[in-house]
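What follows is a set of notes on a single structure, which appears directly below.
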Amino acid sequence: MAQSNHRVFFDISIGGKMAGRIEMDLFQKEAPHLAENFRALCDGNAVDPEGNKISFKGTIIHRAVTEYMIHGGDHENGNGTGGGSIYGEKFPDVEVTPRSHKTGVLTTAHAMPKLPKKHALGTPYPFKCGSQFFICVNKAPWLDGQHAVFGKVHKGMNVVWAINNVGSRSGTMSQVVKIVDCGQIRVSLVYPLV
């Protein structure tokens, strides 16, 4: 079965110096609400329900846990405490796919209650998400069924690793990592569901 996707990008600076571009493919058919929210926040034309413009442009990657992930998307406070969506402040994270959390996947970040280890796919989730996301730099199978995978890095994992290298075991950053620019790349993409 084929899957049509959008491709988006982040141009990243680390410590005030350009580090490169991360290109990501979004799984719009598997996770339409999550993918559209992320795409809209990348393309610069997103507005919240009150009509305020919202974007990832100019935001920071506020957390990077060594050999685990990088975390960003808080366009309100820049520290992981904010970040509404195009649908309102938060929306239910119910688009869990059978995809596993491995190197390069783009997934939801949210405050969530502890769930049973065998949480059934497709059942209602008691947690919500907004604009925050993270990109895994290694396999993280404990996240499967807990956070929705809605995209993957197409190009630029070297930049993701460079960001992770200025993080720490606790997640604090040794340098400021900024999304200097972001947008949508207009290409027609078809990938097999694997």
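In the structure tokens, chains take the letters A, B, ... in the order shown, each chain's residues start at 1, and ligands count up from 1 in the order shown.
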Open item on the list: Please list as JSON, numbers by chain every residue within 9 Å of range 19-31 of chain A, counting only C-alpha atoms and excluding residues in the same chain fewer than 5 positions away.
Closed with: {"A": [3, 4, 5, 6, 7, 8, 9, 10, 11, 12, 13, 14, 36, 38, 39, 94, 95, 96, 97, 104, 105, 106, 148, 149, 150, 151, 152, 153, 154, 155, 156, 157, 158, 159, 160, 162, 163, 185, 189]}
Atoms to include: N, CA and C atoms. Write the selected residues as a CSV table (one decimal), in the first residue's frame.
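And here is the file that came out, out.csv:
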chain,number,residue,atom,x,y,z
A,3,GLN,N,1.7,5.4,0.4
A,3,GLN,CA,1.4,6.5,1.3
A,3,GLN,C,1.9,7.8,0.8
A,4,SER,N,1.0,8.8,0.6
A,4,SER,CA,1.5,10.1,0.1
A,4,SER,C,1.8,10.9,1.4
A,5,ASN,N,2.8,11.7,1.3
A,5,ASN,CA,3.3,12.5,2.5
A,5,ASN,C,3.7,13.9,2.1
A,6,HIS,N,3.8,14.8,3.1
A,6,HIS,CA,4.3,16.1,2.9
A,6,HIS,C,5.8,16.0,3.4
A,7,ARG,N,6.6,16.9,2.8
A,7,ARG,CA,8.0,17.0,3.3
A,7,ARG,C,8.2,18.5,3.9
A,8,VAL,N,8.7,18.6,5.0
A,8,VAL,CA,9.0,19.9,5.7
A,8,VAL,C,10.4,20.0,6.1
A,9,PHE,N,10.9,21.2,6.5
A,9,PHE,CA,12.3,21.3,6.8
A,9,PHE,C,12.5,22.3,8.0
A,10,PHE,N,13.6,22.1,8.7
A,10,PHE,CA,14.1,23.1,9.7
A,10,PHE,C,15.5,23.4,9.3
A,11,ASP,N,15.8,24.7,9.3
A,11,ASP,CA,17.2,25.2,9.2
A,11,ASP,C,17.6,25.5,10.6
A,12,ILE,N,18.7,24.9,11.0
A,12,ILE,CA,19.1,24.9,12.4
A,12,ILE,C,20.4,25.7,12.7
A,13,SER,N,20.4,26.5,13.8
A,13,SER,CA,21.7,27.0,14.2
A,13,SER,C,22.0,26.5,15.6
A,14,ILE,N,23.3,26.3,15.9
A,14,ILE,CA,23.7,25.8,17.2
A,14,ILE,C,24.8,26.8,17.7
A,36,GLU,N,-0.8,17.4,9.9
A,36,GLU,CA,-1.3,18.7,9.4
A,36,GLU,C,-0.9,19.8,10.4
A,38,PHE,N,1.7,19.8,12.4
A,38,PHE,CA,3.2,20.0,12.2
A,38,PHE,C,3.5,20.8,10.9
A,39,ARG,N,2.8,20.3,9.8
A,39,ARG,CA,3.1,21.0,8.5
A,39,ARG,C,2.7,22.5,8.6
A,94,VAL,N,-4.7,10.6,19.5
A,94,VAL,CA,-5.3,9.3,19.3
A,94,VAL,C,-4.8,8.6,18.0
A,95,GLU,N,-3.9,9.2,17.3
A,95,GLU,CA,-3.5,8.7,16.0
A,95,GLU,C,-2.3,7.8,16.1
A,96,VAL,N,-2.3,6.9,17.1
A,96,VAL,CA,-1.2,6.0,17.3
A,96,VAL,C,-1.1,5.0,16.1
A,97,THR,N,0.0,4.8,15.5
A,97,THR,CA,0.2,3.9,14.4
A,97,THR,C,1.1,2.7,14.8
A,104,GLY,N,15.5,8.5,14.0
A,104,GLY,CA,14.9,9.4,13.0
A,104,GLY,C,13.4,9.6,13.0
A,105,VAL,N,12.7,8.9,13.9
A,105,VAL,CA,11.2,9.2,13.8
A,105,VAL,C,10.9,10.5,14.5
A,106,LEU,N,9.8,11.1,14.0
A,106,LEU,CA,9.2,12.3,14.5
A,106,LEU,C,8.0,11.9,15.3
A,148,ALA,N,2.5,9.0,19.5
A,148,ALA,CA,2.2,8.8,18.1
A,148,ALA,C,3.4,9.2,17.2
A,149,VAL,N,3.9,8.2,16.4
A,149,VAL,CA,4.8,8.5,15.4
A,149,VAL,C,4.1,9.1,14.2
A,150,PHE,N,4.5,10.3,13.7
A,150,PHE,CA,3.8,11.0,12.6
A,150,PHE,C,4.7,11.4,11.5
A,151,GLY,N,6.0,11.0,11.6
A,151,GLY,CA,6.9,11.4,10.5
A,151,GLY,C,8.3,10.8,10.7
A,152,LYS,N,9.2,11.1,9.8
A,152,LYS,CA,10.6,10.6,9.9
A,152,LYS,C,11.5,11.6,9.2
A,153,VAL,N,12.8,11.6,9.7
A,153,VAL,CA,13.8,12.4,9.1
A,153,VAL,C,14.1,11.8,7.7
A,154,HIS,N,14.0,12.6,6.7
A,154,HIS,CA,14.4,12.1,5.3
A,154,HIS,C,15.9,12.4,5.1
A,155,LYS,N,16.3,13.6,5.5
A,155,LYS,CA,17.7,14.0,5.3
A,155,LYS,C,18.1,14.9,6.5
A,156,GLY,N,19.3,14.8,6.9
A,156,GLY,CA,19.8,15.7,8.0
A,156,GLY,C,20.0,15.1,9.3
A,157,MET,N,20.1,13.8,9.4
A,157,MET,CA,20.3,13.1,10.7
A,157,MET,C,21.6,13.6,11.3
A,158,ASN,N,22.6,14.0,10.5
A,158,ASN,CA,23.8,14.6,11.0
A,158,ASN,C,23.5,15.8,11.9
A,159,VAL,N,22.5,16.6,11.5
A,159,VAL,CA,22.2,17.8,12.2
A,159,VAL,C,21.5,17.4,13.5
A,160,VAL,N,20.6,16.4,13.4
A,160,VAL,CA,19.9,15.9,14.6
A,160,VAL,C,21.0,15.5,15.6
A,162,ALA,N,24.1,16.5,15.8
A,162,ALA,CA,24.8,17.6,16.3
A,162,ALA,C,24.1,18.3,17.4
A,163,ILE,N,22.7,18.4,17.3
A,163,ILE,CA,21.9,18.9,18.4
A,163,ILE,C,22.0,18.1,19.6
A,185,ILE,N,8.5,21.7,1.7
A,185,ILE,CA,9.1,21.5,0.4
A,185,ILE,C,8.1,20.9,-0.5
A,189,LEU,N,5.5,12.8,-2.9
A,189,LEU,CA,6.2,11.7,-2.2
A,189,LEU,C,5.3,10.5,-2.1
Quiz prompt | Residue contacts of range 132-139 of chain A (10 Å, only C-alpha atoms) excluding same-chain residues fewer than 5 positions away, as an MDAnalysis selection string | solution = chainID A and resid 38 56 61 63:75 80:85 100:110 147:153 157 160:161 164
Those residues you just picked out, can you put them in a file as a PDB file, in the first residue's frame with C-alpha atoms?
ATOM      1  CA  PHE A  38       3.162  20.039  12.222  1.00  0.00           C
ATOM      2  CA  PHE A  56       8.229  26.888  14.695  1.00  0.00           C
ATOM      3  CA  ILE A  61      15.154  22.998  20.724  1.00  0.00           C
ATOM      4  CA  ARG A  63      15.924  19.764  25.471  1.00  0.00           C
ATOM      5  CA  ALA A  64      18.187  17.004  24.148  1.00  0.00           C
ATOM      6  CA  VAL A  65      18.768  13.792  26.080  1.00  0.00           C
ATOM      7  CA  THR A  66      22.075  12.157  25.144  1.00  0.00           C
ATOM      8  CA  GLU A  67      21.650   9.225  22.752  1.00  0.00           C
ATOM      9  CA  TYR A  68      17.838   9.348  23.125  1.00  0.00           C
ATOM     10  CA  MET A  69      16.126  12.354  21.529  1.00  0.00           C
ATOM     11  CA  ILE A  70      15.880  16.072  20.775  1.00  0.00           C
ATOM     12  CA  HIS A  71      12.763  17.967  21.924  1.00  0.00           C
ATOM     13  CA  GLY A  72      11.292  21.244  20.678  1.00  0.00           C
ATOM     14  CA  GLY A  73       8.167  22.934  19.407  1.00  0.00           C
ATOM     15  CA  ASP A  74       7.199  25.188  22.327  1.00  0.00           C
ATOM     16  CA  HIS A  75       6.373  28.337  20.327  1.00  0.00           C
ATOM     17  CA  GLY A  80       8.519  22.829  27.262  1.00  0.00           C
ATOM     18  CA  THR A  81       5.641  24.354  29.232  1.00  0.00           C
ATOM     19  CA  GLY A  82       3.614  25.732  26.308  1.00  0.00           C
ATOM     20  CA  GLY A  83       2.774  25.194  22.685  1.00  0.00           C
ATOM     21  CA  GLY A  84      -0.770  25.205  21.402  1.00  0.00           C
ATOM     22  CA  SER A  85      -1.898  23.752  18.106  1.00  0.00           C
ATOM     23  CA  SER A 100       8.004   1.809  16.219  1.00  0.00           C
ATOM     24  CA  HIS A 101      10.177   4.488  17.782  1.00  0.00           C
ATOM     25  CA  LYS A 102      13.539   4.136  16.073  1.00  0.00           C
ATOM     26  CA  THR A 103      16.302   6.414  14.876  1.00  0.00           C
ATOM     27  CA  GLY A 104      14.931   9.414  12.987  1.00  0.00           C
ATOM     28  CA  VAL A 105      11.233   9.150  13.819  1.00  0.00           C
ATOM     29  CA  LEU A 106       9.228  12.287  14.546  1.00  0.00           C
ATOM     30  CA  THR A 107       6.781  11.805  17.396  1.00  0.00           C
ATOM     31  CA  THR A 108       4.451  13.661  19.747  1.00  0.00           C
ATOM     32  CA  ALA A 109       5.644  15.133  23.029  1.00  0.00           C
ATOM     33  CA  HIS A 110       3.066  15.612  25.751  1.00  0.00           C
ATOM     34  CA  HIS A 147       3.455   8.540  21.717  1.00  0.00           C
ATOM     35  CA  ALA A 148       2.242   8.770  18.127  1.00  0.00           C
ATOM     36  CA  VAL A 149       4.848   8.538  15.352  1.00  0.00           C
ATOM     37  CA  PHE A 150       3.786  10.972  12.607  1.00  0.00           C
ATOM     38  CA  GLY A 151       6.910  11.407  10.502  1.00  0.00           C
ATOM     39  CA  LYS A 152      10.565  10.592   9.927  1.00  0.00           C
ATOM     40  CA  VAL A 153      13.782  12.382   9.065  1.00  0.00           C
ATOM     41  CA  MET A 157      20.301  13.131  10.722  1.00  0.00           C
ATOM     42  CA  VAL A 160      19.927  15.923  14.631  1.00  0.00           C
ATOM     43  CA  TRP A 161      23.048  14.257  16.068  1.00  0.00           C
ATOM     44  CA  ASN A 164      21.939  15.829  20.540  1.00  0.00           C
TER      45      ASN A 164
END
Residue with the minimum atom-to-atom distance to Leu34 in chain A, picked from A:Pro49, A:Gly78, A:Gly130, A:Gly16 with only C-alpha atoms counted, is A:Gly130
Could you find all residues in range 51-82 of chain A that DSSP calls strand (DSSP E) from the backbone, and write them as a list in words? Ile61, His62, Arg63, Ala64, Val65, Met69, Ile70, His71 and Gly72 of chain A
Using N, CA and C atoms, can you write the selected residues to a file as a PDB file, in the first residue's frame?
ATOM      1  N   ILE A  61      15.183  24.380  20.255  1.00  0.00           N
ATOM      2  CA  ILE A  61      15.154  22.998  20.724  1.00  0.00           C
ATOM      3  C   ILE A  61      15.599  23.115  22.179  1.00  0.00           C
ATOM      4  N   HIS A  62      14.649  22.984  23.102  1.00  0.00           N
ATOM      5  CA  HIS A  62      14.924  23.310  24.501  1.00  0.00           C
ATOM      6  C   HIS A  62      15.496  22.147  25.308  1.00  0.00           C
ATOM      7  N   ARG A  63      15.495  20.943  24.722  1.00  0.00           N
ATOM      8  CA  ARG A  63      15.924  19.764  25.471  1.00  0.00           C
ATOM      9  C   ARG A  63      16.514  18.738  24.509  1.00  0.00           C
ATOM     10  N   ALA A  64      17.607  18.111  24.910  1.00  0.00           N
ATOM     11  CA  ALA A  64      18.187  17.004  24.148  1.00  0.00           C
ATOM     12  C   ALA A  64      18.797  16.029  25.148  1.00  0.00           C
ATOM     13  N   VAL A  65      18.267  14.820  25.171  1.00  0.00           N
ATOM     14  CA  VAL A  65      18.768  13.792  26.080  1.00  0.00           C
ATOM     15  C   VAL A  65      19.760  12.928  25.301  1.00  0.00           C
ATOM     16  N   MET A  69      16.988  11.523  22.364  1.00  0.00           N
ATOM     17  CA  MET A  69      16.126  12.354  21.529  1.00  0.00           C
ATOM     18  C   MET A  69      16.480  13.822  21.641  1.00  0.00           C
ATOM     19  N   ILE A  70      15.884  14.614  20.694  1.00  0.00           N
ATOM     20  CA  ILE A  70      15.880  16.072  20.775  1.00  0.00           C
ATOM     21  C   ILE A  70      14.418  16.502  20.853  1.00  0.00           C
ATOM     22  N   HIS A  71      14.142  17.581  21.598  1.00  0.00           N
ATOM     23  CA  HIS A  71      12.763  17.967  21.924  1.00  0.00           C
ATOM     24  C   HIS A  71      12.586  19.470  21.705  1.00  0.00           C
ATOM     25  N   GLY A  72      11.569  19.840  20.937  1.00  0.00           N
ATOM     26  CA  GLY A  72      11.292  21.244  20.678  1.00  0.00           C
ATOM     27  C   GLY A  72       9.823  21.469  20.398  1.00  0.00           C
TER      28      GLY A  72
END
Note to self: Could you check the closest approach to Asn37 in chain A for each of A:Gln184, A:Gly167, A:Ile86, A:Lys178 and tell me which residue wins, using only C-alpha atoms?
What the structure shows: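 Closest to Asn37 in chain A, using only C-alpha atoms: A:Ile86.
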Q) Which parts of range 7-167 of chain A does DSSP call helix (DSSP H, G or I) when run on the backbone here, written out as a ChimeraX atom specification? A) /A:32-43,141-143,157-165
Just-selected residues, C-alpha atoms written as a PDB file, in the first residue's frame:
ATOM      1  CA  PRO A  32      -3.666  13.289   9.574  1.00  0.00           C
ATOM      2  CA  HIS A  33      -4.269  15.692  12.485  1.00  0.00           C
ATOM      3  CA  LEU A  34      -0.730  15.440  13.843  1.00  0.00           C
ATOM      4  CA  ALA A  35       0.861  15.722  10.398  1.00  0.00           C
ATOM      5  CA  GLU A  36      -1.288  18.711   9.408  1.00  0.00           C
ATOM      6  CA  ASN A  37      -0.597  20.515  12.687  1.00  0.00           C
ATOM      7  CA  PHE A  38       3.162  20.039  12.222  1.00  0.00           C
ATOM      8  CA  ARG A  39       3.064  20.988   8.513  1.00  0.00           C
ATOM      9  CA  ALA A  40       1.108  24.165   9.247  1.00  0.00           C
ATOM     10  CA  LEU A  41       3.543  25.174  12.002  1.00  0.00           C
ATOM     11  CA  CYS A  42       6.413  24.665   9.545  1.00  0.00           C
ATOM     12  CA  ASP A  43       4.976  26.520   6.553  1.00  0.00           C
ATOM     13  CA  PRO A 141      10.566   0.792  22.072  1.00  0.00           C
ATOM     14  CA  TRP A 142       9.140   1.794  25.475  1.00  0.00           C
ATOM     15  CA  LEU A 143       7.432   4.711  23.673  1.00  0.00           C
ATOM     16  CA  MET A 157      20.301  13.131  10.722  1.00  0.00           C
ATOM     17  CA  ASN A 158      23.820  14.570  11.048  1.00  0.00           C
ATOM     18  CA  VAL A 159      22.171  17.827  12.196  1.00  0.00           C
ATOM     19  CA  VAL A 160      19.927  15.923  14.631  1.00  0.00           C
ATOM     20  CA  TRP A 161      23.048  14.257  16.068  1.00  0.00           C
ATOM     21  CA  ALA A 162      24.831  17.630  16.300  1.00  0.00           C
ATOM     22  CA  ILE A 163      21.892  18.932  18.353  1.00  0.00           C
ATOM     23  CA  ASN A 164      21.939  15.829  20.540  1.00  0.00           C
ATOM     24  CA  ASN A 165      25.665  16.360  21.137  1.00  0.00           C
TER      25      ASN A 165
END
Could you give me, as a list in words, the residues within 7 Å of Gly15 in chain A, counting only C-alpha atoms and dropping anything in the same chain fewer than 2 positions from it?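 Within the cut-off, the hits are Ser13, Lys17, Gln175, Val176 and Val177 of chain A.
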task: Could you please determine the separation between CA of Ser170 in chain A and CA of Ile54 in chain A in Å, to one decimal place?
output: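 Taking CA of Ser170 in chain A as the start and CA of Ile54 in chain A as the end point, the length is 28.5 Å.
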